[in-house]
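K.L.:
The file below is structure_11.pdb, PDB, C-alpha atoms:
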```
ATOM      1  CA  MET A  11      82.860 114.148 114.588
ATOM      2  CA  ILE A  12      86.577 114.523 113.825
ATOM      3  CA  ASN A  13      87.406 115.871 110.407
ATOM      4  CA  ILE A  14      90.438 114.018 109.084
ATOM      5  CA  ASN A  15      92.834 115.707 106.670
ATOM      6  CA  PRO A  16      92.362 114.192 103.157
ATOM      7  CA  LEU A  17      96.008 113.118 102.989
ATOM      8  CA  PHE A  18      95.762 111.118 106.213
ATOM      9  CA  ALA A  19      92.289 109.891 105.269
ATOM     10  CA  THR A  20      93.708 108.402 102.045
ATOM     11  CA  THR A  21      96.500 106.705 104.006
ATOM     12  CA  ILE A  22      94.004 105.213 106.452
ATOM     13  CA  VAL A  23      91.726 103.973 103.668
ATOM     14  CA  GLN A  24      94.761 102.486 101.892
ATOM     15  CA  LYS A  25      95.650 100.543 105.036
ATOM     16  CA  LEU A  26      92.044  99.398 105.391
ATOM     17  CA  GLY A  27      92.157  98.214 101.779
ATOM     18  CA  LEU A  28      95.156  96.094 102.648
ATOM     19  CA  TYR A  29      93.300  94.890 105.736
ATOM     20  CA  CYS A  30      90.442  93.752 103.489
ATOM     21  CA  SER A  31      92.695  91.772 101.203
ATOM     22  CA  SER A  32      95.172  89.999 103.435
ATOM     23  CA  TYR A  33      95.041  87.028 105.793
ATOM     24  CA  SER A  34      96.138  85.317 108.946
ATOM     25  CA  GLY A  35      97.355  88.141 111.101
ATOM     26  CA  ASN A  36      98.659  90.282 108.242
ATOM     27  CA  ASP A  37      95.165  91.744 108.040
ATOM     28  CA  LEU A  38      95.199  92.744 111.701
ATOM     29  CA  TYR A  39      98.642  94.226 111.213
ATOM     30  CA  TYR A  40      97.207  96.740 108.738
ATOM     31  CA  LEU A  41      94.095  97.318 110.861
ATOM     32  CA  LYS A  42      96.311  98.088 113.843
ATOM     33  CA  GLU A  43      98.301 100.583 111.754
ATOM     34  CA  ALA A  44      95.072 102.333 110.693
ATOM     35  CA  VAL A  45      93.827 102.419 114.313
ATOM     36  CA  THR A  46      97.146 103.841 115.579
ATOM     37  CA  LEU A  47      97.102 106.572 112.958
ATOM     38  CA  MET A  48      93.511 107.474 113.814
ATOM     39  CA  ILE A  49      94.306 107.614 117.555
ATOM     40  CA  ASN A  50      97.099 110.088 116.811
ATOM     41  CA  LEU A  51      94.808 112.199 114.632
ATOM     42  CA  PHE A  52      92.057 112.244 117.279
ATOM     43  CA  GLY A  53      94.611 113.066 119.985
ATOM     44  CA  GLU A  54      94.877 110.508 122.771
ATOM     45  CA  GLU A  55      93.380 112.567 125.596
ATOM     46  CA  ASN A  56      90.627 113.901 123.365
ATOM     47  CA  LEU A  57      89.829 110.335 122.275
ATOM     48  CA  VAL A  58      89.627 109.114 125.891
ATOM     49  CA  GLU A  59      87.131 111.882 126.687
ATOM     50  CA  MET A  60      85.085 111.030 123.586
ATOM     51  CA  LEU A  61      85.067 107.340 124.512
ATOM     52  CA  LYS A  62      83.797 108.141 128.012
ATOM     53  CA  LYS A  63      80.909 110.185 126.619
ATOM     54  CA  ASP A  64      79.883 107.801 123.819
ATOM     55  CA  GLU A  65      76.152 107.490 123.141
ATOM     56  CA  SER A  66      76.191 104.842 120.389
ATOM     57  CA  SER A  67      74.523 101.423 120.566
ATOM     58  CA  ASN A  68      77.882 100.029 121.726
ATOM     59  CA  LYS A  69      78.239 102.556 124.566
ATOM     60  CA  ASN A  70      78.663  99.985 127.360
ATOM     61  CA  ILE A  71      81.842  98.566 125.833
ATOM     62  CA  VAL A  72      83.125 101.871 124.442
ATOM     63  CA  ARG A  73      82.719 103.829 127.695
ATOM     64  CA  LYS A  74      84.525 101.089 129.594
ATOM     65  CA  ILE A  75      87.427 101.300 127.127
ATOM     66  CA  GLY A  76      87.630 105.045 127.840
ATOM     67  CA  GLU A  77      87.420 104.659 131.619
ATOM     68  CA  ASP A  78      90.071 101.903 131.700
ATOM     69  CA  TRP A  79      92.358 103.474 129.076
ATOM     70  CA  HIS A  80      95.266 104.272 131.408
ATOM     71  CA  LYS A  81      94.785 101.297 133.766
ATOM     72  CA  PRO A  82      97.318  98.419 133.756
ATOM     73  CA  GLN A  83      94.930  96.187 131.764
ATOM     74  CA  GLY A  84      93.537  99.097 129.758
ATOM     75  CA  MET A  85      93.495  99.678 126.029
ATOM     76  CA  LYS A  86      96.750 101.646 125.969
ATOM     77  CA  LYS A  87      98.679  98.638 127.273
ATOM     78  CA  GLN A  88      96.606  96.250 125.142
ATOM     79  CA  LEU A  89      97.497  98.132 121.973
ATOM     80  CA  ARG A  90     101.178  97.812 122.798
ATOM     81  CA  LYS A  91     100.735  94.080 123.386
ATOM     82  CA  ILE A  92      98.782  93.679 120.135
ATOM     83  CA  SER A  93     101.604  95.447 118.256
ATOM     84  CA  GLU A  94     104.143  92.989 119.650
ATOM     85  CA  ILE A  95     102.013  89.960 118.725
ATOM     86  CA  LEU A  96     101.354  91.236 115.214
ATOM     87  CA  GLU A  97     104.987  92.149 114.551
ATOM     88  CA  LYS A  98     106.010  88.595 115.443
ATOM     89  CA  THR A  99     103.243  86.830 113.480
ATOM     90  CA  ASN A 100     103.732  89.090 110.490
ATOM     91  CA  LYS A 101     107.414  88.147 110.293
ATOM     92  CA  ALA A 102     106.640  84.445 110.820
ATOM     93  CA  TYR A 103     103.946  84.463 108.124
ATOM     94  CA  SER A 104     106.164  86.265 105.606
ATOM     95  CA  ILE A 105     108.779  83.496 105.633
ATOM     96  CA  LEU A 106     106.204  80.696 105.198
ATOM     97  CA  GLU A 107     106.657  79.047 101.826
ATOM     98  CA  ASP A 108     103.231  77.393 101.731
ATOM     99  CA  LYS A 109     100.731  80.157 102.447
ATOM    100  CA  THR A 110      97.784  77.777 102.458
ATOM    101  CA  LEU A 111      98.801  76.894 106.038
ATOM    102  CA  LYS A 112      98.826  73.180 105.241
ATOM    103  CA  LYS A 113     101.648  71.391 107.007
ATOM    104  CA  ASP A 114     104.543  71.499 104.614
ATOM    105  CA  GLU A 115     107.311  68.994 105.309
ATOM    106  CA  ARG A 116     109.896  71.045 103.471
ATOM    107  CA  ALA A 117     109.191  74.103 105.556
ATOM    108  CA  LYS A 118     108.442  72.429 108.857
ATOM    109  CA  VAL A 119     110.530  74.843 110.923
ATOM    110  CA  GLN A 120     108.900  77.876 109.327
ATOM    111  CA  TYR A 121     105.427  76.441 109.883
ATOM    112  CA  LYS A 122     106.194  75.633 113.528
ATOM    113  CA  HIS A 123     107.497  79.165 114.069
ATOM    114  CA  PHE A 124     104.315  80.653 112.583
ATOM    115  CA  ILE A 125     102.045  78.441 114.690
ATOM    116  CA  GLN A 126     103.921  79.374 117.875
ATOM    117  CA  GLN A 127     103.418  83.071 117.193
ATOM    118  CA  SER A 128      99.821  82.731 115.986
ATOM    119  CA  LYS A 129      98.687  81.000 119.165
ATOM    120  CA  GLN A 130      98.564  84.459 120.665
ATOM    121  CA  PHE A 131      95.843  85.684 118.282
ATOM    122  CA  PRO A 132      93.003  85.046 120.770
ATOM    123  CA  LYS A 133      94.674  87.569 123.078
ATOM    124  CA  ILE A 134      93.513  90.238 120.632
ATOM    125  CA  GLU A 135      90.208  90.875 122.276
ATOM    126  CA  ASN A 136      86.927  92.308 121.154
ATOM    127  CA  ASP A 137      87.741  95.754 122.609
ATOM    128  CA  PHE A 138      90.170  96.315 119.754
ATOM    129  CA  TYR A 139      87.369  95.961 117.177
ATOM    130  CA  ALA A 140      85.071  98.119 119.320
ATOM    131  CA  LEU A 141      87.707 100.856 119.277
ATOM    132  CA  PHE A 142      88.100 100.550 115.502
ATOM    133  CA  VAL A 143      84.332 100.853 114.897
ATOM    134  CA  PHE A 144      84.173 103.854 117.267
ATOM    135  CA  LEU A 145      87.038 105.628 115.470
ATOM    136  CA  VAL A 146      85.429 105.158 112.052
ATOM    137  CA  GLN A 147      81.949 106.138 113.245
ATOM    138  CA  ASN A 148      83.281 109.364 114.747
ATOM    139  CA  SER A 149      85.449 110.564 111.886
ATOM    140  CA  SER A 150      84.964 111.945 108.401
ATOM    141  CA  ILE A 151      86.413 108.780 106.794
ATOM    142  CA  GLN A 152      83.180 106.902 107.448
ATOM    143  CA  GLN A 153      81.805 108.180 104.122
ATOM    144  CA  MET A 154      84.862 107.244 102.046
ATOM    145  CA  ASN A 155      85.203 104.399  99.559
ATOM    146  CA  ILE A 156      88.094 101.977  99.298
ATOM    147  CA  SER A 157      89.604 102.419  95.872
ATOM    148  CA  SER A 158      90.162  99.133  94.019
ATOM    149  CA  GLN A 159      93.866  99.943  93.602
ATOM    150  CA  TYR A 160      94.317  99.414  97.358
ATOM    151  CA  LEU A 161      92.689  95.999  97.276
ATOM    152  CA  LYS A 162      95.583  93.647  96.697
ATOM    153  CA  VAL A 163      96.489  90.326  98.112
ATOM    154  CA  LEU A 164     100.166  90.263  98.856
ATOM    155  CA  GLU A 165     100.629  86.667  97.887
ATOM    156  CA  GLN A 166     101.599  84.867  94.755
ATOM    157  CA  GLY A 167      98.879  83.317  92.669
ATOM    158  CA  ARG A 168      96.088  85.532  93.957
ATOM    159  CA  THR A 169      95.185  88.755  92.251
ATOM    160  CA  PHE A 170      91.859  90.000  93.591
ATOM    161  CA  GLY A 171      92.046  93.015  91.316
ATOM    162  CA  GLY A 172      95.606  93.604  92.445
ATOM    163  CA  VAL A 173      99.045  93.450  90.937
ATOM    164  CA  ASN A 174     100.574  90.097  90.101
ATOM    165  CA  LYS A 175     103.849  90.418  91.996
ATOM    166  CA  GLU A 176     105.434  87.467  90.239
ATOM    167  CA  ARG A 177     104.877  89.040  86.848
ATOM    168  CA  LEU A 178     106.427  92.313  87.970
ATOM    169  CA  ARG A 179     109.474  90.480  89.272
ATOM    170  CA  ASP A 180     109.906  88.684  85.916
ATOM    171  CA  GLU A 181     109.758  91.960  84.088
ATOM    172  CA  SER A 182     112.331  93.538  86.360
ATOM    173  CA  HIS A 183     114.775  90.760  85.376
ATOM    174  CA  LYS A 184     114.475  91.812  81.748
ATOM    175  CA  LEU A 185     115.478  95.338  82.699
TER
ATOM    176  CA  MET B  30      79.093 103.877 107.867
ATOM    177  CA  LYS B  31      79.679 103.452 104.151
ATOM    178  CA  LEU B  32      83.309 102.526 104.855
ATOM    179  CA  ILE B  33      82.389  99.851 107.400
ATOM    180  CA  ARG B  34      79.866  98.365 104.957
ATOM    181  CA  GLU B  35      82.489  98.276 102.228
ATOM    182  CA  ILE B  36      85.037  96.598 104.512
ATOM    183  CA  LEU B  37      82.478  93.959 105.488
ATOM    184  CA  GLN B  38      81.450  93.322 101.888
ATOM    185  CA  ARG B  39      85.019  93.119 100.560
ATOM    186  CA  ARG B  40      86.020  90.671 103.257
ATOM    187  CA  MET B  41      82.914  88.602 102.597
ATOM    188  CA  GLU B  42      83.843  88.327  98.917
ATOM    189  CA  ILE B  43      87.274  86.967  99.821
ATOM    190  CA  MET B  44      85.780  84.752 102.510
ATOM    191  CA  LYS B  45      83.536  83.049  99.957
ATOM    192  CA  ASP B  46      86.525  82.479  97.699
ATOM    193  CA  LEU B  47      88.454  80.899 100.569
ATOM    194  CA  GLU B  48      85.536  78.650 101.436
ATOM    195  CA  LEU B  49      85.345  77.403  97.854
ATOM    196  CA  ASN B  50      89.094  76.721  97.881
ATOM    197  CA  HIS B  51      88.754  74.726 101.140
ATOM    198  CA  GLU B  52      91.197  76.999 102.941
ATOM    199  CA  ASN B  53      89.382  76.316 106.176
ATOM    200  CA  PHE B  54      91.391  78.311 108.688
ATOM    201  CA  LYS B  55      91.538  81.419 106.532
ATOM    202  CA  PHE B  56      87.804  81.158 105.798
ATOM    203  CA  VAL B  57      86.892  80.903 109.489
ATOM    204  CA  TRP B  58      89.402  83.619 110.416
ATOM    205  CA  HIS B  59      87.842  85.965 107.839
ATOM    206  CA  PHE B  60      84.346  85.154 108.998
ATOM    207  CA  TYR B  61      85.080  85.994 112.616
ATOM    208  CA  GLN B  62      86.805  89.237 111.670
ATOM    209  CA  ILE B  63      83.604  90.271 109.899
ATOM    210  CA  TYR B  64      81.508  89.004 112.790
ATOM    211  CA  GLN B  65      83.397  90.952 115.456
ATOM    212  CA  ILE B  66      83.117  94.216 113.534
ATOM    213  CA  SER B  67      79.389  93.566 112.945
ATOM    214  CA  ALA B  68      78.776  92.789 116.623
ATOM    215  CA  ASN B  69      80.433  96.051 117.624
ATOM    216  CA  VAL B  70      78.422  98.060 115.112
ATOM    217  CA  LEU B  71      75.233  96.598 116.617
ATOM    218  CA  GLY B  72      76.482  96.809 120.214
ATOM    219  CA  ILE B  73      76.305  93.060 120.852
ATOM    220  CA  ASN B  74      78.763  91.084 122.968
ATOM    221  CA  PRO B  75      80.360  88.630 120.474
ATOM    222  CA  HIS B  76      81.156  85.897 123.093
ATOM    223  CA  MET B  77      84.381  84.808 121.423
ATOM    224  CA  LYS B  78      86.019  82.679 124.116
ATOM    225  CA  GLU B  79      84.810  79.255 122.982
ATOM    226  CA  LYS B  80      85.079  80.195 119.326
ATOM    227  CA  ASN B  81      88.643  81.449 119.787
ATOM    228  CA  ASP B  82      89.637  78.072 121.234
ATOM    229  CA  LEU B  83      88.196  76.316 118.198
ATOM    230  CA  ILE B  84      89.871  78.764 115.809
ATOM    231  CA  LYS B  85      93.196  78.063 117.520
ATOM    232  CA  LYS B  86      92.651  74.317 117.102
ATOM    233  CA  LEU B  87      91.768  74.803 113.447
ATOM    234  CA  LEU B  88      94.971  76.758 112.923
ATOM    235  CA  LEU B  89      96.925  73.774 114.244
ATOM    236  CA  SER B  90      95.089  71.348 111.946
ATOM    237  CA  PRO B  91      93.319  73.222 109.128
ATOM    238  CA  ASP B  92      91.985  70.026 107.512
ATOM    239  CA  ASN B  93      90.294  68.666 110.650
ATOM    240  CA  LEU B  94      86.648  68.366 109.623
ATOM    241  CA  ILE B  95      85.432  67.665 113.173
ATOM    242  CA  ILE B  96      86.685  71.038 114.422
ATOM    243  CA  LEU B  97      85.375  72.709 111.276
ATOM    244  CA  GLY B  98      81.977  71.097 111.890
ATOM    245  CA  LYS B  99      81.884  72.466 115.452
ATOM    246  CA  ILE B 100      82.759  75.944 114.228
ATOM    247  CA  LYS B 101      80.111  75.748 111.506
ATOM    248  CA  GLU B 102      77.463  75.221 114.192
ATOM    249  CA  PHE B 103      78.339  78.685 115.507
ATOM    250  CA  LEU B 104      78.672  80.092 111.992
ATOM    251  CA  VAL B 105      74.986  79.593 111.205
ATOM    252  CA  GLN B 106      73.885  81.702 114.191
ATOM    253  CA  ASP B 107      76.628  84.283 113.869
ATOM    254  CA  ASN B 108      75.916  84.792 110.190
ATOM    255  CA  LYS B 109      72.564  86.303 111.199
ATOM    256  CA  ILE B 110      74.384  89.007 113.175
ATOM    257  CA  ILE B 111      76.346  89.956 110.054
ATOM    258  CA  GLU B 112      73.147  90.076 107.984
ATOM    259  CA  ILE B 113      71.385  92.264 110.576
ATOM    260  CA  CYS B 114      74.414  94.558 110.732
ATOM    261  CA  LEU B 115      74.580  95.011 106.951
ATOM    262  CA  ASP B 116      70.804  95.629 106.806
ATOM    263  CA  SER B 117      71.008  98.251 109.549
ATOM    264  CA  ILE B 118      73.883 100.060 107.793
ATOM    265  CA  VAL B 119      72.010 100.051 104.463
ATOM    266  CA  GLU B 120      68.899 101.344 106.259
ATOM    267  CA  LYS B 121      70.868 104.224 107.799
ATOM    268  CA  GLU B 122      72.409 105.035 104.416
ATOM    269  CA  GLU B 123      68.966 105.129 102.805
ATOM    270  CA  VAL B 124      67.762 107.592 105.459
ATOM    271  CA  GLY B 125      70.867 109.679 104.703
ATOM    272  CA  GLU B 126      70.082 109.616 100.973
ATOM    273  CA  ILE B 127      66.525 110.812 101.605
ATOM    274  CA  PHE B 128      68.018 113.665 103.648
ATOM    275  CA  GLU B 129      70.389 114.538 100.798
ATOM    276  CA  ASP B 130      67.500 114.452  98.291
ATOM    277  CA  PHE B 131      65.395 116.710 100.500
ATOM    278  CA  TYR B 132      68.095 119.356 100.743
ATOM    279  CA  PRO B 133      69.460 120.348  97.313
ATOM    280  CA  ILE B 134      73.156 119.887  96.526
ATOM    281  CA  SER B 135      73.750 123.655  96.679
ATOM    282  CA  VAL B 136      73.020 123.595 100.426
ATOM    283  CA  PHE B 137      76.007 121.308 101.007
ATOM    284  CA  GLY B 138      78.088 122.979  98.316
ATOM    285  CA  VAL B 139      79.303 119.629  97.046
ATOM    286  CA  ASN B 140      77.724 116.655  95.354
ATOM    287  CA  LEU B 141      78.309 113.927  97.912
ATOM    288  CA  ASP B 142      78.194 111.249  95.213
ATOM    289  CA  ASP B 143      81.079 112.719  93.244
ATOM    290  CA  ARG B 144      83.712 112.881  95.920
ATOM    291  CA  ASP B 145      85.740 109.935  94.617
ATOM    292  CA  ILE B 146      85.887 111.134  91.014
TER
END
```
Can the structure from this file be put into structure tokens for me?

P.N.:
Amino acid sequence: MININPLFATTIVQKLGLYCSSYSGNDLYYLKEAVTLMINLFGEENLVEMLKKDESSNKNIVRKIGEDWHKPQGMKKQLRKISEILEKTNKAYSILEDKTLKKDERAKVQYKHFIQQSKQFPKIENDFYALFVFLVQNSSIQQMNISSQYLKVLEQGRTFGGVNKERLRDESHKL
Amino acid sequence: MKLIREILQRRMEIMKDLELNHENFKFVWHFYQIYQISANVLGINPHMKEKNDLIKKLLLSPDNLIILGKIKEFLVQDNKIIEICLDSIVEKEEVGEIFEDFYPISVFGVNLDDRDI
């Protein structure tokens, strides 16, 4: 069990809160950030050793991730590829005017751009989720709660307990 | 495992909202995020290849009810995995609570229920 410093633990939980409340690739963007931070806190070589010796119910998948970590198709390379995909989709999604993902004639180019990038989502394979579950199960953050202040949806018109961004923008005009 | 349970529950809340709003792609996307985490908690192979193809098609045409219907056939089975996963986490937490009740708070030096306050 890796004991994570409370400051980093809060950051990770904050990112997981954002993961819980966003959509369409943005969610994975935050999950990837949390996973990257946890890998750094575990220490890469230490993590690989832990993965190889896993005894959980998911040990077949987890041990394989550890054994293949440095191989050309291993998790290290996969994480880099996932980062590239998510960076691109995140940018494409941000410029979409109609976030419902219904074909919008006015924003046809933006929609097409998003679809092109999002076609790569299936490349994000199950191993990524297996790694995430392993990291949480083997660290002190597994007993933490996600504070409601981190649960926001970063879109207009939706406020699942979060801040209404539109309202804040209006108020800033007054200032 | 408390954190994993909370992530699953929070995403399920939003997923239900998306389903009611007929935001089909986002609903299915959310569901399979929850499913993949659940499968890994239980140590089950999620077999996502066919489902990923359907999800991709749904992204291209979110209002296509035929594709949605095909995905919903998988949803019924896969929903059971999520239920089993949540039950197993709750079970483990209950065992943990019994352990905490057995050993008084002074043994740990901290009340585990008050950490967020």

K.L.:
Evaluate the PyMOL selection byres ((chain A and resi 155) around 8) on the structure here and hand back the selected residues as a VMD selection string.

P.N.:
(chain A and resid 23 153 to 154 156 to 157) or (chain B and resid 31 to 32 35 145)

K.L.:
What are the centre and edge lengths in Å, to one decimal, of the axis-aligned box around all listed atoms of region 77-85 of chain B with 8 Å added on each side, as AutoDock Vina command-line options?

P.N.:
```
--center_x 88.8 --center_y 80.6 --center_z 120.0 --size_x 24.8 --size_y 24.5 --size_z 24.3
```

K.L.:
Identify every residue of chain A that has at least one atom within 9 Å of any atom of chain B, counting all atoms listed in the file, and report the result as a PyMOL selection string.

P.N.:
chain A and resi 23+26-27+29-31+33-34+66-71+110-113+125+128-132+135-137+139-144+146-147+151-157+161+170

K.L.:
Just checking: using all atoms listed in the file, which residue out of A:Leu28, A:Ile14, A:Ala19, A:Leu61 ends up closest to Gln159 (chain A)?

P.N.:
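Using all atoms listed in the file, the shortest distance to Gln159 (chain A) belongs to A:Leu28.
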
K.L.:
Please expand the PyMOL selection byres ((chain A and resi 40-57) around 6) into the concrete residues it hits in this file, giving the result as a list in words.

P.N.:
Ile22, Lys25, Tyr29, Asp37, Leu38, Tyr39, Val58, Glu59 and Met60 of chain A

K.L.:
If I take CA of Leu96 (chain A) and CA of Thr20 (chain A), how far is one from the other in Å, to one decimal?

P.N.:
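Separation of CA of Leu96 (chain A) and CA of Thr20 (chain A): 22.9 Å.
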
K.L.:
Just the number, please: distance in Å from CA of Glu48 (chain B) to CA of Asp107 (chain B), one decimal.

P.N.:
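Answer for the CA of Glu48 (chain B) to CA of Asp107 (chain B) separation: 16.3 Å.
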
K.L.:
Could you expand the PyMOL selection byres ((chain A and resi 97-102) around 8) into the explicit residues it covers here, written as a PDB file with C-alpha atoms, in the frame of the given file?

P.N.:
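Everything below was put into selection-v6.pdb:
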```
ATOM      1  CA  GLY A  35      97.355  88.141 111.101  1.00  0.00           C
ATOM      2  CA  ASN A  36      98.659  90.282 108.242  1.00  0.00           C
ATOM      3  CA  TYR A  39      98.642  94.226 111.213  1.00  0.00           C
ATOM      4  CA  SER A  93     101.604  95.447 118.256  1.00  0.00           C
ATOM      5  CA  GLU A  94     104.143  92.989 119.650  1.00  0.00           C
ATOM      6  CA  ILE A  95     102.013  89.960 118.725  1.00  0.00           C
ATOM      7  CA  LEU A  96     101.354  91.236 115.214  1.00  0.00           C
ATOM      8  CA  TYR A 103     103.946  84.463 108.124  1.00  0.00           C
ATOM      9  CA  SER A 104     106.164  86.265 105.606  1.00  0.00           C
ATOM     10  CA  ILE A 105     108.779  83.496 105.633  1.00  0.00           C
ATOM     11  CA  LEU A 106     106.204  80.696 105.198  1.00  0.00           C
ATOM     12  CA  GLN A 120     108.900  77.876 109.327  1.00  0.00           C
ATOM     13  CA  HIS A 123     107.497  79.165 114.069  1.00  0.00           C
ATOM     14  CA  PHE A 124     104.315  80.653 112.583  1.00  0.00           C
ATOM     15  CA  GLN A 127     103.418  83.071 117.193  1.00  0.00           C
ATOM     16  CA  SER A 128      99.821  82.731 115.986  1.00  0.00           C
TER      17      SER A 128
END
```

K.L.:
Expressed in Å to a single decimal, how great is the separation between CA of Ile96 (chain B) and CA of Phe60 (chain B)?

P.N.:
15.3 Å
